[in-house]
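Engineer: So here's work.pdb, just PDB, C-alpha atoms and all ligand atoms:
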```
ATOM      1  CA  MET A   1      -4.040  92.558  30.510
ATOM      2  CA  VAL A   2      -6.690  93.724  28.055
ATOM      3  CA  LEU A   3      -6.581  91.642  24.896
ATOM      4  CA  ALA A   4      -8.320  93.341  21.962
ATOM      5  CA  GLN A   5      -9.198  91.834  18.614
ATOM      6  CA  PRO A   6      -7.946  93.908  15.655
ATOM      7  CA  THR A   7     -11.471  94.910  14.643
ATOM      8  CA  ALA A   8     -12.347  98.503  13.675
ATOM      9  CA  GLU A   9     -13.263  99.108  17.306
ATOM     10  CA  GLY A  10     -10.119  97.456  18.697
ATOM     11  CA  MET A  11      -7.887  99.429  16.315
ATOM     12  CA  ALA A  12      -9.650 102.708  17.142
ATOM     13  CA  SER A  13      -9.109 102.178  20.860
ATOM     14  CA  ALA A  14      -5.425 101.313  20.270
ATOM     15  CA  VAL A  15      -4.956 104.493  18.219
ATOM     16  CA  ALA A  16      -6.671 106.557  20.940
ATOM     17  CA  LEU A  17      -4.352 105.001  23.535
ATOM     18  CA  LEU A  18      -1.258 105.841  21.457
ATOM     19  CA  ARG A  19      -2.460 109.443  21.081
ATOM     20  CA  ALA A  20      -2.935 109.640  24.843
ATOM     21  CA  GLY A  21       0.634 108.442  25.477
ATOM     22  CA  GLY A  22      -0.342 104.856  26.305
ATOM     23  CA  LEU A  23       1.414 101.578  25.511
ATOM     24  CA  VAL A  24      -0.009  99.072  23.025
ATOM     25  CA  GLY A  25       1.079  95.431  22.702
ATOM     26  CA  LEU A  26       1.557  95.182  18.951
ATOM     27  CA  PRO A  27       1.885  92.030  16.849
ATOM     28  CA  THR A  28       4.559  92.171  14.140
ATOM     29  CA  GLU A  29       5.968  89.382  11.976
ATOM     30  CA  THR A  30       9.087  89.225  14.223
ATOM     31  CA  VAL A  31       7.910  89.447  17.856
ATOM     32  CA  TYR A  32       5.257  91.369  19.823
ATOM     33  CA  GLY A  33       6.326  94.976  20.353
ATOM     34  CA  LEU A  34       5.468  97.405  23.151
ATOM     35  CA  ALA A  35       4.368 100.343  21.020
ATOM     36  CA  ALA A  36       4.277 104.037  21.922
ATOM     37  CA  ASP A  37       4.069 107.328  20.008
ATOM     38  CA  ALA A  38       7.704 107.828  18.932
ATOM     39  CA  CYS A  39       7.321 111.626  19.074
ATOM     40  CA  ASN A  40       6.002 111.690  22.645
ATOM     41  CA  GLY A  41       8.949 111.640  25.056
ATOM     42  CA  LEU A  42       6.713 110.846  28.044
ATOM     43  CA  ALA A  43       5.188 107.842  26.288
ATOM     44  CA  VAL A  44       8.678 106.668  25.323
ATOM     45  CA  ALA A  45       9.790 107.057  28.936
ATOM     46  CA  ARG A  46       6.913 104.784  29.970
ATOM     47  CA  ILE A  47       8.326 102.059  27.690
ATOM     48  CA  TYR A  48      11.717 102.214  29.379
ATOM     49  CA  ALA A  49      10.044 102.132  32.796
ATOM     50  CA  ALA A  50       7.732  99.235  31.902
ATOM     51  CA  LYS A  51      10.570  97.147  30.443
ATOM     52  CA  GLY A  52      13.167  98.129  33.033
ATOM     53  CA  ARG A  53      15.333  98.884  30.010
ATOM     54  CA  PRO A  54      18.684 100.695  30.394
ATOM     55  CA  GLN A  55      18.003 104.203  29.117
ATOM     56  CA  PHE A  56      21.031 104.352  26.809
ATOM     57  CA  ASN A  57      19.481 101.681  24.586
ATOM     58  CA  PRO A  58      17.864 103.245  21.518
ATOM     59  CA  LEU A  59      14.552 101.995  20.104
ATOM     60  CA  ILE A  60      13.416 101.169  16.563
ATOM     61  CA  ALA A  61      10.933 103.562  14.909
ATOM     62  CA  HIS A  62       8.249 101.642  13.002
ATOM     63  CA  VAL A  63       6.570 103.314  10.025
ATOM     64  CA  ALA A  64       3.975 102.315   7.432
ATOM     65  CA  ASP A  65       6.134 102.784   4.323
ATOM     66  CA  LEU A  66       9.350 104.131   2.820
ATOM     67  CA  ALA A  67       7.854 107.616   2.325
ATOM     68  CA  ALA A  68       7.128 107.835   6.050
ATOM     69  CA  ALA A  69      10.688 106.667   6.814
ATOM     70  CA  GLU A  70      12.133 109.419   4.571
ATOM     71  CA  ARG A  71      10.613 112.020   6.886
ATOM     72  CA  LEU A  72      12.642 110.627   9.774
ATOM     73  CA  VAL A  73      16.009 109.644   8.298
ATOM     74  CA  VAL A  74      18.296 110.410   5.332
ATOM     75  CA  PHE A  75      18.730 107.479   2.929
ATOM     76  CA  ASP A  76      21.926 106.711   1.024
ATOM     77  CA  PRO A  77      21.421 104.807  -2.270
ATOM     78  CA  LEU A  78      22.341 101.394  -0.814
ATOM     79  CA  SER A  79      20.000 101.762   2.167
ATOM     80  CA  ARG A  80      17.207 102.847  -0.188
ATOM     81  CA  ALA A  81      17.780  99.779  -2.384
ATOM     82  CA  LEU A  82      17.570  97.562   0.713
ATOM     83  CA  ALA A  83      14.363  99.255   1.848
ATOM     84  CA  GLU A  84      12.787  99.000  -1.601
ATOM     85  CA  THR A  85      13.643  95.306  -1.791
ATOM     86  CA  LEU A  86      13.039  94.093   1.747
ATOM     87  CA  TRP A  87      10.305  96.343   3.225
ATOM     88  CA  PRO A  88       7.840  95.517   4.594
ATOM     89  CA  GLY A  89       9.967  92.929   6.344
ATOM     90  CA  PRO A  90      12.255  92.021   9.251
ATOM     91  CA  LEU A  91      15.047  94.449   8.275
ATOM     92  CA  THR A  92      15.968  97.500  10.384
ATOM     93  CA  LEU A  93      18.123 100.258   8.874
ATOM     94  CA  VAL A  94      20.223 102.581  11.044
ATOM     95  CA  LEU A  95      20.432 105.987   9.296
ATOM     96  CA  PRO A  96      21.168 109.664  10.107
ATOM     97  CA  ARG A  97      18.155 111.568  11.455
ATOM     98  CA  THR A  98      16.743 114.309   9.253
ATOM     99  CA  PRO A  99      17.295 117.834  10.651
ATOM    100  CA  ASP A 100      13.590 118.101  11.564
ATOM    101  CA  CYS A 101      13.086 114.478  12.623
ATOM    102  CA  PRO A 102      10.150 114.557  15.066
ATOM    103  CA  VAL A 103      11.097 111.362  16.935
ATOM    104  CA  SER A 104      11.871 112.058  20.584
ATOM    105  CA  GLN A 105      15.562 112.229  21.486
ATOM    106  CA  LEU A 106      14.873 109.763  24.279
ATOM    107  CA  ALA A 107      13.687 107.162  21.753
ATOM    108  CA  GLY A 108      16.960 107.516  19.861
ATOM    109  CA  ALA A 109      19.002 107.682  23.086
ATOM    110  CA  GLY A 110      20.357 111.041  21.934
ATOM    111  CA  LEU A 111      22.159 109.497  18.940
ATOM    112  CA  ALA A 112      22.503 111.264  15.568
ATOM    113  CA  THR A 113      21.210 108.061  13.934
ATOM    114  CA  LEU A 114      17.804 106.418  14.153
ATOM    115  CA  ALA A 115      16.820 102.792  13.533
ATOM    116  CA  VAL A 116      13.747 102.451  11.249
ATOM    117  CA  ARG A 117      11.683  99.581   9.899
ATOM    118  CA  VAL A 118       8.413  98.813   8.066
ATOM    119  CA  PRO A 119       6.920  95.699   9.709
ATOM    120  CA  ASP A 120       5.288  93.022   7.547
ATOM    121  CA  HIS A 121       2.153  92.384   9.580
ATOM    122  CA  PRO A 122      -1.379  93.454   8.634
ATOM    123  CA  VAL A 123      -2.278  94.556  12.188
ATOM    124  CA  ALA A 124       0.944  96.548  12.670
ATOM    125  CA  LEU A 125       0.584  98.225   9.266
ATOM    126  CA  ALA A 126      -3.089  99.035   9.857
ATOM    127  CA  LEU A 127      -2.259 100.589  13.223
ATOM    128  CA  LEU A 128       0.618 102.638  11.764
ATOM    129  CA  ARG A 129      -1.623 103.938   8.967
ATOM    130  CA  ALA A 130      -4.486 104.776  11.315
ATOM    131  CA  PHE A 131      -2.146 106.444  13.823
ATOM    132  CA  GLY A 132      -0.403 108.366  11.041
ATOM    133  CA  GLY A 133       3.002 108.696  12.703
ATOM    134  CA  PRO A 134       6.033 106.686  13.787
ATOM    135  CA  VAL A 135       5.744 104.273  16.688
ATOM    136  CA  VAL A 136       8.644 102.899  18.713
ATOM    137  CA  ALA A 137       8.112  99.266  19.606
ATOM    138  CA  PRO A 138      10.834  97.307  21.393
ATOM    139  CA  SER A 139       9.997  93.717  22.193
ATOM    140  CA  ALA A 140       7.213  93.549  24.794
ATOM    141  CA  ASN A 141       9.169  91.788  27.524
ATOM    142  CA  PRO A 142      11.071  92.865  30.648
ATOM    143  CA  SER A 143      14.568  93.918  29.533
ATOM    144  CA  GLY A 144      16.906  90.953  29.070
ATOM    145  CA  ARG A 145      14.136  88.360  29.079
ATOM    146  CA  LEU A 146      12.592  86.214  26.353
ATOM    147  CA  SER A 147      10.837  88.062  23.543
ATOM    148  CA  PRO A 148       7.083  87.383  23.242
ATOM    149  CA  THR A 149       5.857  85.713  20.068
ATOM    150  CA  ARG A 150       2.258  85.084  21.229
ATOM    151  CA  PRO A 151      -0.130  87.427  23.066
ATOM    152  CA  GLU A 152      -0.143  85.103  26.100
ATOM    153  CA  HIS A 153       3.628  85.639  26.534
ATOM    154  CA  LEU A 154       3.084  89.287  27.487
ATOM    155  CA  ALA A 155       3.309  90.085  31.194
ATOM    156  CA  PRO A 156      -0.134  91.344  32.336
ATOM    157  CA  GLN A 157       0.884  94.848  33.514
ATOM    158  CA  LEU A 158       3.186  95.738  30.580
ATOM    159  CA  ALA A 159       0.764  97.219  28.030
ATOM    160  CA  ASP A 160      -2.516  99.146  28.367
ATOM    161  CA  VAL A 161      -3.983  96.960  25.637
ATOM    162  CA  VAL A 162      -2.626  94.075  23.531
ATOM    163  CA  LEU A 163      -3.830  93.626  19.956
ATOM    164  CA  ASP A 164      -4.288  89.938  19.235
ATOM    165  CA  GLY A 165      -2.398  89.017  16.070
ATOM    166  CA  GLY A 166      -1.914  85.351  16.902
ATOM    167  CA  PRO A 167       1.570  83.773  16.803
ATOM    168  CA  CYS A 168       4.369  85.746  15.076
ATOM    169  CA  ARG A 169       5.330  84.318  11.681
ATOM    170  CA  VAL A 170       9.115  84.939  11.841
ATOM    171  CA  GLY A 171       9.636  84.654  15.601
ATOM    172  CA  VAL A 172      13.063  86.326  15.923
ATOM    173  CA  GLU A 173      13.777  90.069  15.907
ATOM    174  CA  SER A 174      14.715  92.048  12.810
ATOM    175  CA  THR A 175      18.147  91.988  11.212
ATOM    176  CA  ILE A 176      19.754  95.384  11.965
ATOM    177  CA  VAL A 177      21.923  96.833   9.208
ATOM    178  CA  GLN A 178      23.933 100.026   8.886
ATOM    179  CA  VAL A 179      25.675 101.194   5.727
ATOM    180  CA  VAL A 180      29.252 102.284   6.494
ATOM    181  CA  GLY A 181      31.531 103.428   3.666
ATOM    182  CA  GLY A 182      29.183 102.071   0.993
ATOM    183  CA  ARG A 183      28.997  98.602   2.553
ATOM    184  CA  LEU A 184      26.435  96.874   4.725
ATOM    185  CA  ARG A 185      27.303  96.031   8.282
ATOM    186  CA  VAL A 186      25.066  93.642  10.138
ATOM    187  CA  LEU A 187      24.687  94.997  13.697
ATOM    188  CA  ARG A 188      22.381  92.162  14.765
ATOM    189  CA  PRO A 189      21.481  88.931  12.923
ATOM    190  CA  GLY A 190      17.722  88.452  12.635
ATOM    191  CA  GLY A 191      14.753  87.595  10.465
ATOM    192  CA  VAL A 192      16.480  88.427   7.150
ATOM    193  CA  PRO A 193      19.259  85.819   6.765
ATOM    194  CA  ILE A 194      22.717  87.202   5.917
ATOM    195  CA  GLU A 195      22.630  85.027   2.782
ATOM    196  CA  ALA A 196      19.768  87.220   1.491
ATOM    197  CA  LEU A 197      21.983  90.329   1.856
ATOM    198  CA  ARG A 198      24.983  89.007  -0.062
ATOM    199  CA  ARG A 199      23.858  90.483  -3.395
ATOM    200  CA  TRP A 200      24.898  93.881  -1.982
ATOM    201  CA  PRO A 201      28.412  94.882  -0.848
ATOM    202  CA  ILE A 202      28.726  93.585   2.688
ATOM    203  CA  ASP A 203      31.421  94.045   5.311
ATOM    204  CA  ALA A 204      31.764  90.838   7.265
ATOM    205  CA  THR A 205      34.245  92.199   9.838
ATOM    206  CA  PRO A 206      32.697  91.729  13.272
ATOM    207  CA  LEU A 207      32.015  94.977  15.105
ATOM    208  CA  SER A 208      34.188  95.642  18.127
ATOM    209  CA  SER A 209      32.184  96.316  21.276
ATOM    210  CA  ALA A 210      33.516  99.904  21.181
ATOM    211  CA  GLN A 211      31.834 100.382  17.797
ATOM    212  CA  ALA A 212      28.508  98.961  18.890
ATOM    213  CA  PRO A 213      27.776 100.054  22.432
ATOM    214  CA  ASN A 214      24.205 101.016  21.691
ATOM    215  CA  ALA A 215      22.501  97.775  20.857
ATOM    216  CA  PRO A 216      20.797  95.944  23.708
ATOM    217  CA  GLY A 217      20.452  93.015  21.348
ATOM    218  CA  GLN A 218      24.249  93.037  21.480
ATOM    219  CA  LEU A 219      24.530  92.747  25.271
ATOM    220  CA  HIS A 220      26.101  89.389  26.172
ATOM    221  CA  SER A 221      23.211  88.361  28.394
ATOM    222  CA  HIS A 222      19.857  88.941  26.734
ATOM    223  CA  TYR A 223      16.819  86.978  25.575
ATOM    224  CA  ALA A 224      17.315  84.923  28.741
ATOM    225  CA  PRO A 225      14.963  82.462  30.412
ATOM    226  CA  THR A 226      15.155  82.148  34.217
ATOM    227  CA  LEU A 227      16.763  78.688  34.043
ATOM    228  CA  PRO A 228      20.406  78.228  33.011
ATOM    229  CA  VAL A 229      20.804  77.298  29.334
ATOM    230  CA  ARG A 230      23.337  74.625  28.283
ATOM    231  CA  LEU A 231      24.286  74.822  24.607
ATOM    232  CA  ARG A 232      25.544  72.153  22.176
ATOM    233  CA  ALA A 233      24.158  69.447  24.443
ATOM    234  CA  ARG A 234      24.482  65.956  22.995
ATOM    235  CA  ARG A 235      23.520  63.992  26.118
ATOM    236  CA  PRO A 236      20.722  65.621  28.111
ATOM    237  CA  ARG A 237      20.588  64.984  31.866
ATOM    238  CA  ALA A 238      17.582  63.477  33.614
ATOM    239  CA  ASN A 239      16.743  66.763  35.383
ATOM    240  CA  GLU A 240      17.013  68.901  32.238
ATOM    241  CA  ALA A 241      14.435  70.090  29.734
ATOM    242  CA  LEU A 242      15.655  69.552  26.173
ATOM    243  CA  LEU A 243      15.271  71.833  23.170
ATOM    244  CA  ALA A 244      15.701  69.506  20.178
ATOM    245  CA  PHE A 245      15.930  70.181  16.427
ATOM    246  CA  GLY A 246      15.169  67.846  13.522
ATOM    247  CA  ASP A 247      16.488  64.357  14.174
ATOM    248  CA  ARG A 248      18.816  65.764  16.841
ATOM    249  CA  GLN A 249      16.622  64.594  19.693
ATOM    250  CA  PRO A 250      18.729  62.516  22.101
ATOM    251  CA  ALA A 251      16.806  60.587  24.774
ATOM    252  CA  GLY A 252      17.215  61.042  28.525
ATOM    253  CA  ALA A 253      15.787  64.499  29.285
ATOM    254  CA  ALA A 254      12.936  65.080  31.738
ATOM    255  CA  TYR A 255      10.918  66.771  28.995
ATOM    256  CA  THR A 256      11.580  67.592  25.328
ATOM    257  CA  LEU A 257      10.278  70.063  22.762
ATOM    258  CA  ASN A 258      11.492  69.973  19.149
ATOM    259  CA  LEU A 259      11.914  73.327  17.324
ATOM    260  CA  SER A 260      11.190  71.629  14.006
ATOM    261  CA  PRO A 261      10.952  67.844  13.687
ATOM    262  CA  SER A 262      11.501  68.203   9.921
ATOM    263  CA  GLY A 263      14.650  70.315  10.445
ATOM    264  CA  ASP A 264      13.224  73.547   8.950
ATOM    265  CA  LEU A 265      15.085  76.607  10.321
ATOM    266  CA  ALA A 266      12.224  79.021   9.529
ATOM    267  CA  GLU A 267       9.850  76.890  11.592
ATOM    268  CA  ALA A 268      12.508  76.688  14.335
ATOM    269  CA  ALA A 269      12.856  80.501  14.453
ATOM    270  CA  ALA A 270       9.081  80.921  14.668
ATOM    271  CA  CYS A 271       8.911  78.462  17.622
ATOM    272  CA  LEU A 272      12.133  79.478  19.410
ATOM    273  CA  PHE A 273      10.863  81.887  22.075
ATOM    274  CA  ASP A 274       7.587  80.017  22.631
ATOM    275  CA  HIS A 275       9.446  76.750  23.263
ATOM    276  CA  LEU A 276      11.878  78.522  25.616
ATOM    277  CA  TYR A 277       8.921  79.991  27.548
ATOM    278  CA  ARG A 278       7.429  76.517  27.897
ATOM    279  CA  LEU A 279      10.718  74.852  28.975
ATOM    280  CA  ASP A 280      11.518  77.644  31.470
ATOM    281  CA  ASP A 281       9.877  75.802  34.367
ATOM    282  CA  THR A 282      11.227  75.326  37.891
ATOM    283  CA  ARG A 283      10.507  71.589  37.592
ATOM    284  CA  PHE A 284      13.762  71.423  35.607
ATOM    285  CA  ALA A 285      17.359  72.276  36.597
ATOM    286  CA  ALA A 286      18.356  73.694  33.196
ATOM    287  CA  ILE A 287      17.453  73.900  29.534
ATOM    288  CA  ALA A 288      19.758  71.808  27.333
ATOM    289  CA  VAL A 289      19.861  72.760  23.642
ATOM    290  CA  VAL A 290      21.149  70.510  20.851
ATOM    291  CA  PRO A 291      23.509  72.024  18.238
ATOM    292  CA  ILE A 292      21.522  74.046  15.667
ATOM    293  CA  PRO A 293      22.883  74.628  12.118
ATOM    294  CA  ALA A 294      24.317  78.138  11.664
ATOM    295  CA  THR A 295      23.075  78.788   8.116
ATOM    296  CA  GLY A 296      20.096  80.979   7.092
ATOM    297  CA  LEU A 297      17.889  81.825  10.079
ATOM    298  CA  GLY A 298      20.148  79.536  12.126
ATOM    299  CA  ALA A 299      22.507  82.523  12.563
ATOM    300  CA  ALA A 300      19.818  84.522  14.395
ATOM    301  CA  ILE A 301      18.680  81.453  16.360
ATOM    302  CA  ASN A 302      22.238  80.693  17.526
ATOM    303  CA  ASP A 303      22.824  84.381  18.364
ATOM    304  CA  ARG A 304      19.735  84.448  20.631
ATOM    305  CA  LEU A 305      20.645  81.089  22.225
ATOM    306  CA  ARG A 306      24.217  82.232  22.991
ATOM    307  CA  ARG A 307      22.861  85.319  24.762
ATOM    308  CA  ALA A 308      20.219  83.254  26.560
ATOM    309  CA  ALA A 309      23.041  81.016  27.850
ATOM    310  CA  HIS A 310      25.318  83.869  28.924
ATOM    311  CA  ARG A 311      25.211  84.745  32.629
ATOM    312  CA  SER A 312      26.485  88.242  33.361
TER     313      SER A 312
HETATM  314  P1  LIG A 401      14.552  95.659  20.073
HETATM  315  O1  LIG A 401      13.649  96.838  19.970
HETATM  316  O2  LIG A 401      14.459  94.946  21.395
HETATM  317  O3  LIG A 401      14.478  94.764  18.883
HETATM  318  O4  LIG A 401      16.031  96.270  20.054
HETATM  319  C1  LIG A 401      16.297  97.352  19.201
HETATM  320  C2  LIG A 401      17.628  97.195  18.581
HETATM  321  O5  LIG A 401      17.929  98.253  17.660
HETATM  322  C3  LIG A 401      18.698  97.245  19.621
HETATM  323  O6  LIG A 401      19.674  96.265  19.413
HETATM  324  C4  LIG A 401      19.203  98.659  19.430
HETATM  325  O7  LIG A 401      20.412  98.959  20.005
HETATM  326  C5  LIG A 401      19.204  98.792  17.961
HETATM  327  N1  LIG A 401      19.283 100.199  17.588
HETATM  328  C6  LIG A 401      18.307 101.090  17.692
HETATM  329  N2  LIG A 401      18.735 102.311  17.290
HETATM  330  C7  LIG A 401      20.026 102.179  16.943
HETATM  331  C8  LIG A 401      21.032 103.082  16.465
HETATM  332  N3  LIG A 401      20.772 104.382  16.256
HETATM  333  N4  LIG A 401      22.261 102.587  16.233
HETATM  334  C9  LIG A 401      22.527 101.266  16.426
HETATM  335  N5  LIG A 401      21.633 100.370  16.886
HETATM  336  C10 LIG A 401      20.390 100.817  17.132
HETATM  337 MG    MG A 402      14.174  92.941  22.809
END
```
Show this structure as structure tokens.
Ligand code: AMP
Ligand code: MG
Structural biologist:
Amino acid sequence: MVLAQPTAEGMASAVALLRAGGLVGLPTETVYGLAADACNGLAVARIYAAKGRPQFNPLIAHVADLAAAERLVVFDPLSRALAETLWPGPLTLVLPRTPDCPVSQLAGAGLATLAVRVPDHPVALALLRAFGGPVVAPSANPSGRLSPTRPEHLAPQLADVVLDGGPCRVGVESTIVQVVGGRLRVLRPGGVPIEALRRWPIDATPLSSAQAPNAPGQLHSHYAPTLPVRLRARRPRANEALLAFGDRQPAGAAYTLNLSPSGDLAEAAACLFDHLYRLDDTRFAAIAVVPIPATGLGAAINDRLRRAAHRS
């Protein structure tokens, strides 16, 4: 893996790689993405191949600002208000493609809608501005596995170059929202807590699987370490690694990491995938996880942990 610093030279080589259809490991505030030119179907195909991702799963188009997003998708008033308030930030909007949307059909999995987001990370924004077009950037991990939140989490052969942006500030993927009938629907909990969306009309009815077949983040087994994951553990076993939170740190495990000794859910989200990488070690039989509160970013944390625990 080639790790590049985000200097003028490093950014120029990343832009040249994107133009040539290459794959760039891109730091964002959520997780590291595997970025490709969204308008280049061959480059997009390389993402699916590198990740081993099922081809029917659509990708998120990342752009530098709202004006760039308006070239790709048609905004309704509520979606525009969300974008104006929460972009740049960990919020993805699913919207109808414009008639002349240049994003490859493969990137959108042939759907009439496209997921778009403006990331809140100086390196990602600088790359998007220098590149001058949309970039698709799913998490830079083999499909179904843990998302990378540090450059060293990226598998060596995945990207042509990885821009070093240090650890990701938010640490869980974006919240995905779609406006249906004038109300927000949350397709995937993520870095924007649901509580922060409640000032707009919101439809809390859970989506049936028939309504949401297109979200890999919605597959039952996803974000999974190699070891089995045991949730709501109150008494860890001697052969288990323990993921603790706050003062919920029962004794007895072979090894323990605490997501946030002070019980801060934002810190826990930022550490989640890194701690899971470090506990995912064949020295242990399983990863036991203490109960985590479900409020704020706890919703996204619990969503990822449930999928990490699910064996399909
Ligand atoms: P990731 O890039 O790994 O964060 O995953 C992208 C997420 O965006 C997945 O859950 C996708 O299914 C979801 N997504 C992308 N495009 C659409 C779309 N048009 N409709 C619904 N979900 C989408
Ligand atoms: Mg992912």
Engineer: Once you count all atoms listed in the file, which residues end up within 7 Å of ligand MG 402 (chain A), and could you hand them over as a PyMOL selection string?
Structural biologist: chain A and resi 138-139+141+143+147+217
Engineer: Please enumerate the residues selected by the PyMOL selection byres (((chain A and resi 121-130) around 6) and not hetatm) when evaluated against the supplied file, formatted as a ChimeraX atom specification.
Structural biologist: /A:28-29,64,119-120,131-132
Engineer: So how many Å separate CA of Leu305 (chain A) and atom N2 of ligand LIG 401 (chain A), to one decimal?
Structural biologist: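 Atom N2 of ligand LIG 401 (chain A) lies at a distance of 21.9 Å from CA of Leu305 (chain A).
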Engineer: Give me, please, the distance in Å between CA of Ala81 (chain A) and CA of Ile60 (chain A), quoted to one decimal.
Structural biologist: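 Separation of CA of Ala81 (chain A) and CA of Ile60 (chain A): 19.5 Å.
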Engineer: Mind dumping a table of every region 57-166 of chain A residue within 12 Å of region 189-204 of chain A, with the nearest atom pair and its distance in Å to one decimal, using only C-alpha atoms, sorted by chain and rising number, as a tab-separated table?
Structural biologist:
```
residue	atom	partner	partner_atom	distance
A:Pro77	CA	A:Trp200	CA	11.5
A:Leu78	CA	A:Trp200	CA	8.0
A:Ser79	CA	A:Trp200	CA	10.2
A:Arg80	CA	A:Trp200	CA	11.9
A:Ala81	CA	A:Trp200	CA	9.3
A:Leu82	CA	A:Leu197	CA	8.5
A:Ala83	CA	A:Leu197	CA	11.7
A:Thr85	CA	A:Leu197	CA	10.4
A:Leu86	CA	A:Val192	CA	8.6
A:Trp87	CA	A:Val192	CA	10.8
A:Pro88	CA	A:Val192	CA	11.5
A:Gly89	CA	A:Val192	CA	8.0
A:Pro90	CA	A:Gly191	CA	5.2
A:Leu91	CA	A:Val192	CA	6.3
A:Thr92	CA	A:Gly190	CA	9.5
A:Pro119	CA	A:Gly191	CA	11.3
A:Asp120	CA	A:Gly191	CA	11.3
```
